[in-house]
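Trainee: Take a look at the following structure, please.
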Amino acid sequence: MRDRHLARGARRAREFEAFVAGAAGRLLHAAMLLTAEAPDANPRARRLLTLALAHTYARWDRLRGEDPYDCARQYLATRFARTTWHRYGVFGRARPDPRSPLAALTPRERLVLVLRLYEGVAEEQTAALLGLPAERVHTLCDRATATVLHPGRPTAPRAANPEVSPS
């Protein structure tokens, strides 16, 4: 009985090590995109990755046919959202690295953009994960994409009183 338990633990460790070897780089990159940190200085991204991998390892035996990468990605996204919410208000602005191409985005826009475009998560799945309507996810993704593609484009000024035309 003890030998079987030890063998199962060793197999579990080997499987998880293989998973980490294959997925950790991509998950770290996703975490760096979420936190908008530089590749050489990314403590928040590394902490997110560590927490996501620890959570996945704790659930490893209960995954039963689920994709462990999906489990880690989901935890990474929800942990980022929760941490951002608690530290900076309702998805308020954290201080990202200004050199990051995603630095101009709000954390919520970064989260939606990374999930939708970098990770390829469907709009409906992203909406369910974040607890938002699919239309809101679509709007956030469009706005974030426009901001990243056209960073210097000024927004259209709004008139103070639209009923009065300038003379």
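Simple scheme: letters A, B, ... for chains in structure tokens order, numbers from 1 for residues in each chain, numbers from 1 for ligands in the order shown.
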Report as a CSV table (one decimal) with C-alpha atoms, in the first residue's frame all protein, DNA and RNA residues lying within 9 Å of segment 7-16 of chain A, evaluated on only C-alpha atoms, omitting residues in the same chain fewer than 2 positions from it.
Mentor:
```
chain,number,residue,atom,x,y,z
A,2,ARG,CA,2.8,2.4,0.9
A,3,ASP,CA,4.7,1.6,-2.2
A,4,ARG,CA,1.7,2.3,-4.3
A,5,HIS,CA,1.2,5.6,-2.6
A,18,ALA,CA,6.5,18.1,-17.4
A,19,PHE,CA,3.5,20.4,-17.4
A,20,VAL,CA,5.5,23.2,-15.8
A,21,ALA,CA,8.4,22.7,-18.3
A,56,THR,CA,-2.9,23.8,-10.2
A,57,TYR,CA,-0.6,21.4,-8.3
A,60,TRP,CA,-3.7,18.0,-10.0
A,61,ASP,CA,-5.3,14.8,-8.9
```
Trainee: Please, which residues in segment 90-126 of chain A fall within 7 Å of segment 137-149 of chain A when counting only C-alpha atoms, and what is the closest atom pair and distance in Å to one decimal for each, ordered by chain then residue number, as JSON lines?
Mentor:
```
{"residue": "A:Pro101", "atom": "CA", "partner": "A:Val148", "partner_atom": "CA", "distance": 6.7}
{"residue": "A:Leu102", "atom": "CA", "partner": "A:Val148", "partner_atom": "CA", "distance": 6.6}
{"residue": "A:Leu105", "atom": "CA", "partner": "A:Ala144", "partner_atom": "CA", "distance": 6.5}
{"residue": "A:Glu109", "atom": "CA", "partner": "A:Ala144", "partner_atom": "CA", "distance": 5.7}
{"residue": "A:Val112", "atom": "CA", "partner": "A:Cys141", "partner_atom": "CA", "distance": 6.0}
{"residue": "A:Leu113", "atom": "CA", "partner": "A:Cys141", "partner_atom": "CA", "distance": 5.5}
{"residue": "A:Glu123", "atom": "CA", "partner": "A:Val137", "partner_atom": "CA", "distance": 6.7}
```
Trainee: Please identify which residues in segment 21-124 of chain A DSSP calls alpha helix (DSSP H) from the backbone, and express them as a PyMOL selection string.
Mentor: chain A and resi 21-35+43-58+68-88+107-113+123-124
Trainee: Please compute the atom CA of Ala134 of chain A-atom CA of Leu28 of chain A distance, one decimal, in Å.
Mentor: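 Taking atom CA of Ala134 of chain A as the start and atom CA of Leu28 of chain A as the end point, the length is 26.5 Å.
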Trainee: Please indicate the distance in Å from atom CA of Arg136 of chain A to atom CA of Ala81 of chain A, rounded to one decimal place.
Mentor: 15.8 Å
Trainee: Between atom CA of Ala45 of chain A and atom CA of Met32 of chain A, what is the distance in Å, rounded to a tenth?
Mentor: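 Those two atoms sit 5.1 Å apart.
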Trainee: For Gln125 of chain A, please output as a list in words all residues within 12 Å (counting only C-alpha atoms; exclusion window: fewer than 2 positions along the same chain).
Mentor: Asp70, Gln74, Val112, Leu115, Arg116, Glu119, Gly120, Val121, Ala122, Glu123, Ala127, Ala128, Leu129, Leu130, Gly131, Leu132, Pro133, Ala134, Val137 and His138 of chain A
Trainee: Between A:Leu76, A:Ala104, A:Leu117, A:Ala54, which has the minimum distance to Glu17 of chain A (counting only C-alpha atoms)?
Mentor: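 Selected residue with least distance to Glu17 of chain A: A:Ala54.
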